[in-house]
$ cat start_28.cif   # mmCIF, C-alpha atoms
data_data
#
loop_
_atom_site.group_PDB
_atom_site.id
_atom_site.type_symbol
_atom_site.label_atom_id
_atom_site.label_comp_id
_atom_site.auth_asym_id
_atom_site.auth_seq_id
_atom_site.Cartn_x
_atom_site.Cartn_y
_atom_site.Cartn_z
ATOM 1 C CA MET A 1 118.156 54.588 -6.516
ATOM 2 C CA ARG A 2 117.169 56.481 -3.393
ATOM 3 C CA HIS A 3 114.273 54.318 -2.263
ATOM 4 C CA HIS A 4 113.620 54.816 1.464
ATOM 5 C CA LYS A 5 116.659 57.087 1.823
ATOM 6 C CA LYS A 6 115.120 60.013 3.652
ATOM 7 C CA GLY A 7 117.098 62.963 4.939
ATOM 8 C CA ARG A 8 120.352 64.704 4.163
ATOM 9 C CA LYS A 9 123.724 63.726 5.596
ATOM 10 C CA PHE A 10 125.522 67.098 5.527
ATOM 11 C CA GLY A 11 128.886 65.304 5.419
ATOM 12 C CA ARG A 12 128.654 64.406 9.100
ATOM 13 C CA LYS A 13 128.435 61.255 11.149
ATOM 14 C CA THR A 14 125.095 60.237 12.646
ATOM 15 C CA ASN A 15 125.544 61.580 16.170
ATOM 16 C CA VAL A 16 127.037 64.881 14.994
ATOM 17 C CA ARG A 17 124.251 65.306 12.449
ATOM 18 C CA GLY A 18 121.637 64.648 15.139
ATOM 19 C CA ALA A 19 123.230 67.219 17.421
ATOM 20 C CA LEU A 20 123.297 69.767 14.581
ATOM 21 C CA ILE A 21 119.596 69.301 13.840
ATOM 22 C CA LYS A 22 118.709 69.421 17.537
ATOM 23 C CA SER A 23 120.653 72.662 17.905
ATOM 24 C CA LEU A 24 118.970 74.214 14.862
ATOM 25 C CA LEU A 25 115.528 73.231 16.156
ATOM 26 C CA ARG A 26 116.255 74.670 19.596
ATOM 27 C CA SER A 27 117.542 77.930 18.091
ATOM 28 C CA LEU A 28 114.517 78.260 15.831
ATOM 29 C CA VAL A 29 112.098 77.775 18.718
ATOM 30 C CA LEU A 30 113.940 80.229 20.969
ATOM 31 C CA HIS A 31 114.660 82.969 18.401
ATOM 32 C CA GLU A 32 111.760 82.295 15.972
ATOM 33 C CA ARG A 33 114.009 83.133 13.015
ATOM 34 C CA ILE A 34 117.450 81.812 12.105
ATOM 35 C CA SER A 35 119.778 82.126 9.152
ATOM 36 C CA THR A 36 121.294 78.896 7.876
ATOM 37 C CA THR A 37 121.940 77.074 4.617
ATOM 38 C CA GLU A 38 119.003 76.295 2.396
ATOM 39 C CA ALA A 39 119.480 72.535 2.749
ATOM 40 C CA LYS A 40 119.504 72.699 6.566
ATOM 41 C CA ALA A 41 116.395 74.885 6.548
ATOM 42 C CA LYS A 42 114.583 72.414 4.315
ATOM 43 C CA GLU A 43 115.678 69.553 6.552
ATOM 44 C CA ILE A 44 114.390 71.020 9.821
ATOM 45 C CA ARG A 45 111.119 72.406 8.444
ATOM 46 C CA PRO A 46 109.025 69.197 8.771
ATOM 47 C CA LYS A 47 110.504 68.463 12.181
ATOM 48 C CA VAL A 48 109.619 71.845 13.670
ATOM 49 C CA GLU A 49 106.146 71.771 12.145
ATOM 50 C CA LYS A 50 105.446 68.386 13.723
ATOM 51 C CA MET A 51 106.691 69.718 17.062
ATOM 52 C CA ILE A 52 104.354 72.723 16.882
ATOM 53 C CA THR A 53 101.438 70.447 16.022
ATOM 54 C CA ARG A 54 102.242 68.265 19.022
ATOM 55 C CA ALA A 55 102.559 71.322 21.295
ATOM 56 C CA MET A 56 98.972 72.325 20.560
ATOM 57 C CA VAL A 57 97.768 69.594 22.932
ATOM 58 C CA ASP A 58 99.302 70.305 26.336
ATOM 59 C CA THR A 59 99.803 66.930 28.000
ATOM 60 C CA VAL A 60 102.594 65.537 30.119
ATOM 61 C CA ALA A 61 103.425 62.994 27.419
ATOM 62 C CA ASN A 62 103.773 65.692 24.765
ATOM 63 C CA ARG A 63 105.948 67.825 27.038
ATOM 64 C CA ARG A 64 108.250 64.891 27.765
ATOM 65 C CA LEU A 65 108.492 63.932 24.110
ATOM 66 C CA LEU A 66 109.385 67.476 23.056
ATOM 67 C CA LYS A 67 111.851 67.762 25.939
ATOM 68 C CA ALA A 68 113.582 64.649 24.614
ATOM 69 C CA ARG A 69 113.717 66.102 21.089
ATOM 70 C CA LEU A 70 114.782 69.620 22.040
ATOM 71 C CA GLY A 71 116.756 68.985 25.211
ATOM 72 C CA ASP A 72 115.911 72.397 26.644
ATOM 73 C CA ASP A 73 113.240 73.293 29.205
ATOM 74 C CA THR A 74 112.985 76.947 28.168
ATOM 75 C CA ALA A 75 112.439 76.011 24.517
ATOM 76 C CA VAL A 76 109.725 73.527 25.471
ATOM 77 C CA ALA A 77 108.040 76.099 27.706
ATOM 78 C CA LYS A 78 108.103 78.704 24.933
ATOM 79 C CA LEU A 79 106.726 76.182 22.471
ATOM 80 C CA PHE A 80 103.739 75.397 24.697
ATOM 81 C CA THR A 81 103.052 78.871 26.107
ATOM 82 C CA THR A 82 103.641 81.286 23.218
ATOM 83 C CA ILE A 83 104.156 79.551 19.874
ATOM 84 C CA ALA A 84 101.445 76.865 19.915
ATOM 85 C CA PRO A 85 98.613 79.180 21.090
ATOM 86 C CA ARG A 86 99.585 81.665 18.378
ATOM 87 C CA MET A 87 99.320 78.945 15.711
ATOM 88 C CA LYS A 88 96.062 77.476 17.054
ATOM 89 C CA ASP A 89 93.921 78.678 14.131
ATOM 90 C CA ARG A 90 96.330 77.541 11.403
ATOM 91 C CA LYS A 91 95.932 74.144 9.756
ATOM 92 C CA GLY A 92 99.635 73.839 8.983
ATOM 93 C CA GLY A 93 102.477 75.699 7.355
ATOM 94 C CA TYR A 94 103.920 77.202 10.515
ATOM 95 C CA THR A 95 107.300 78.066 8.992
ATOM 96 C CA ARG A 96 108.545 80.134 6.084
ATOM 97 C CA ILE A 97 111.830 79.718 4.206
ATOM 98 C CA VAL A 98 113.163 82.853 2.502
ATOM 99 C CA LYS A 99 116.134 82.314 0.225
ATOM 100 C CA ARG A 100 119.041 84.753 0.367
ATOM 101 C CA SER A 101 121.738 85.504 -2.170
ATOM 102 C CA THR A 102 124.842 83.348 -2.259
ATOM 103 C CA THR A 103 127.363 85.759 -0.806
ATOM 104 C CA ALA A 104 129.459 83.140 0.960
ATOM 105 C CA THR A 105 132.874 82.364 -0.446
ATOM 106 C CA ASP A 106 132.129 78.668 -0.848
ATOM 107 C CA GLY A 107 129.016 79.318 -2.945
ATOM 108 C CA ARG A 108 126.469 77.799 -0.585
ATOM 109 C CA SER A 109 122.950 79.129 -0.779
ATOM 110 C CA THR A 110 121.736 80.583 2.489
ATOM 111 C CA ALA A 111 118.196 81.094 3.686
ATOM 112 C CA TYR A 112 116.156 82.334 6.609
ATOM 113 C CA ILE A 113 113.729 79.977 8.266
ATOM 114 C CA ALA A 114 111.169 81.750 10.409
ATOM 115 C CA LEU A 115 107.947 81.002 12.216
ATOM 116 C CA VAL A 116 104.927 82.580 10.562
#

$ encode --input "start_28.cif" --output "structure tokens"
Amino acid sequence: MRHHKKGRKFGRKTNVRGALIKSLLRSLVLHERISTTEAKAKEIRPKVEKMITRAMVDTVANRRLLKARLGDDTAVAKLFTTIAPRMKDRKGGYTRIVKRSTTATDGRSTAYIALV
């Protein structure tokens, strides 16, 4: 049974998986729309939504916490200056996942994840 087994492993070790998720989050914040596999999109969706919610309150503590999670000053600045003010009136649901056709040779299902 999968009790308390949250998250996907993606066939990677812990540190590599963490770096992959951090890279996907940083790319999504910087480009506002990325194309990836459906499983990776579903995995990063709650993380990026929590980051946007935290960026709505501009404090030093929130900036430092997001800097630790993203590892990029430009992404943190964009999150606080452009993305969070744009989402100020929304109660949640800051991202959208659009499934694409499986055109890859290995049969994986790809999807776009974009900020609304």

$ residues_around --input "start_28.cif" --residues "Arg108 in chain A" --least-positions-apart "3" --cutoff "12 Å" --atoms "all atoms listed in the file" --output "NGL selection string"
:A and (36-40 or 99-105 or 111)

$ atom_distance --input "start_28.cif" --atom1 "CA of Lys6 in chain A" --atom2 "CA of Tyr112 in chain A"
22.5 Å

$ resolve_selection --input "start_28.cif" --expression "the PyMOL selection byres ((chain A and resi 73-88) around 6)" --output "list in words"
Leu30, Ile52, Ala55, Met56, Asp72, Asp89 and Arg90 of chain A

$ axis_aligned_box --input "start_28.cif" --around "range 36-50 of chain A" --padding-each-side "8 Å" --output "AutoDock Vina command-line options"
--center_x 113.7 --center_y 73.6 --center_z 8.1 --size_x 32.5 --size_y 26.5 --size_z 27.3

$ closest_residue --input "start_28.cif" --among "A:Arg45, A:His4, A:Lys91, A:Arg64" --to "Val29 in chain A" --atoms "only C-alpha atoms"
A:Arg45

$ atom_distance --input "start_28.cif" --atom1 "CA of Lys5 in chain A" --atom2 "CA of Ile21 in chain A"
17.4 Å

$ atom_distance --input "start_28.cif" --atom1 "CA of Arg33 in chain A" --atom2 "CA of Thr110 in chain A"
13.3 Å

$ residues_around --input "start_28.cif" --residues "Ala68 in chain A" --least-positions-apart "6" --cutoff "12 Å" --atoms "all atoms listed in the file" --output "VMD selection string"
chain A and resid 22 26 51 61 to 62 75 to 76

$ closest_residue --input "start_28.cif" --among "A:Gly71, A:Gly107, A:Gly11, A:Pro46" --to "Ser23 in chain A" --atoms "only C-alpha atoms"
A:Gly71

$ residues_near_point --input "start_28.cif" --point "(107.4, 77.6, 8.6)" --cutoff "6 Å" --atoms "only C-alpha atoms" --output "PyMOL selection string"
chain A and resi 93-96+114-116

$ closest_residue --input "start_28.cif" --among "A:Ile113, A:Arg69, A:Lys50, A:Glu43" --to "Phe10 in chain A" --atoms "all atoms listed in the file"
A:Glu43

$ closest_residue --input "start_28.cif" --among "A:Leu65, A:Leu70, A:Arg2, A:Thr53" --to "Leu24 in chain A" --atoms "only C-alpha atoms"
A:Leu70

$ build_atoms --input "start_28.cif" --residues "range 11-39 of chain A" --atoms "N, CA and C atoms" --output "compact mmCIF listing (two decimals), in the coordinates of the input"
# COMPACT_ATOMS: atom_id res chain seq x y z
N GLY A 11 127.48 65.66 5.27
CA GLY A 11 128.89 65.30 5.42
C GLY A 11 129.31 65.06 6.85
N ARG A 12 128.36 64.63 7.69
CA ARG A 12 128.65 64.41 9.10
C ARG A 12 128.25 63.00 9.50
N LYS A 13 128.82 62.55 10.61
CA LYS A 13 128.44 61.26 11.15
C LYS A 13 127.07 61.38 11.83
N THR A 14 126.47 60.27 12.17
CA THR A 14 125.10 60.24 12.65
C THR A 14 124.89 61.06 13.91
N ASN A 15 125.75 60.87 14.90
CA ASN A 15 125.54 61.58 16.17
C ASN A 15 125.80 63.08 16.04
N VAL A 16 126.75 63.47 15.21
CA VAL A 16 127.04 64.88 14.99
C VAL A 16 125.90 65.53 14.21
N ARG A 17 125.37 64.81 13.23
CA ARG A 17 124.25 65.31 12.45
C ARG A 17 123.01 65.47 13.33
N GLY A 18 122.77 64.53 14.22
CA GLY A 18 121.64 64.65 15.14
C GLY A 18 121.78 65.84 16.07
N ALA A 19 122.99 66.07 16.55
CA ALA A 19 123.23 67.22 17.42
C ALA A 19 123.05 68.53 16.66
N LEU A 20 123.47 68.57 15.41
CA LEU A 20 123.30 69.77 14.58
C LEU A 20 121.82 70.09 14.39
N ILE A 21 121.03 69.09 14.07
CA ILE A 21 119.60 69.30 13.84
C ILE A 21 118.91 69.70 15.14
N LYS A 22 119.28 69.07 16.23
CA LYS A 22 118.71 69.42 17.54
C LYS A 22 119.03 70.87 17.90
N SER A 23 120.25 71.29 17.63
CA SER A 23 120.65 72.66 17.90
C SER A 23 119.90 73.66 17.03
N LEU A 24 119.72 73.34 15.76
CA LEU A 24 118.97 74.21 14.86
C LEU A 24 117.51 74.33 15.30
N LEU A 25 116.91 73.22 15.69
CA LEU A 25 115.53 73.23 16.16
C LEU A 25 115.38 74.08 17.41
N ARG A 26 116.30 73.91 18.34
CA ARG A 26 116.26 74.67 19.60
C ARG A 26 116.42 76.17 19.31
N SER A 27 117.33 76.52 18.43
CA SER A 27 117.54 77.93 18.09
C SER A 27 116.32 78.53 17.40
N LEU A 28 115.70 77.76 16.53
CA LEU A 28 114.52 78.26 15.83
C LEU A 28 113.36 78.49 16.79
N VAL A 29 113.18 77.60 17.75
CA VAL A 29 112.10 77.78 18.72
C VAL A 29 112.39 78.97 19.62
N LEU A 30 113.62 79.14 20.05
CA LEU A 30 113.94 80.23 20.97
C LEU A 30 113.95 81.60 20.28
N HIS A 31 114.50 81.68 19.07
CA HIS A 31 114.66 82.97 18.40
C HIS A 31 113.58 83.25 17.35
N GLU A 32 112.85 82.23 16.94
CA GLU A 32 111.76 82.30 15.97
C GLU A 32 112.20 82.66 14.56
N ARG A 33 113.48 82.89 14.35
CA ARG A 33 114.01 83.13 13.02
C ARG A 33 115.51 82.91 13.05
N ILE A 34 116.01 82.05 12.17
CA ILE A 34 117.45 81.81 12.10
C ILE A 34 117.90 81.85 10.65
N SER A 35 119.17 82.13 10.47
CA SER A 35 119.78 82.13 9.15
C SER A 35 120.70 80.92 9.06
N THR A 36 120.52 80.11 8.04
CA THR A 36 121.29 78.90 7.88
C THR A 36 121.37 78.59 6.38
N THR A 37 121.92 77.44 6.03
CA THR A 37 121.94 77.07 4.62
C THR A 37 120.55 76.61 4.20
N GLU A 38 120.32 76.67 2.92
CA GLU A 38 119.00 76.30 2.40
C GLU A 38 118.69 74.82 2.66
N ALA A 39 119.69 73.96 2.53
CA ALA A 39 119.48 72.54 2.75
C ALA A 39 119.13 72.24 4.22
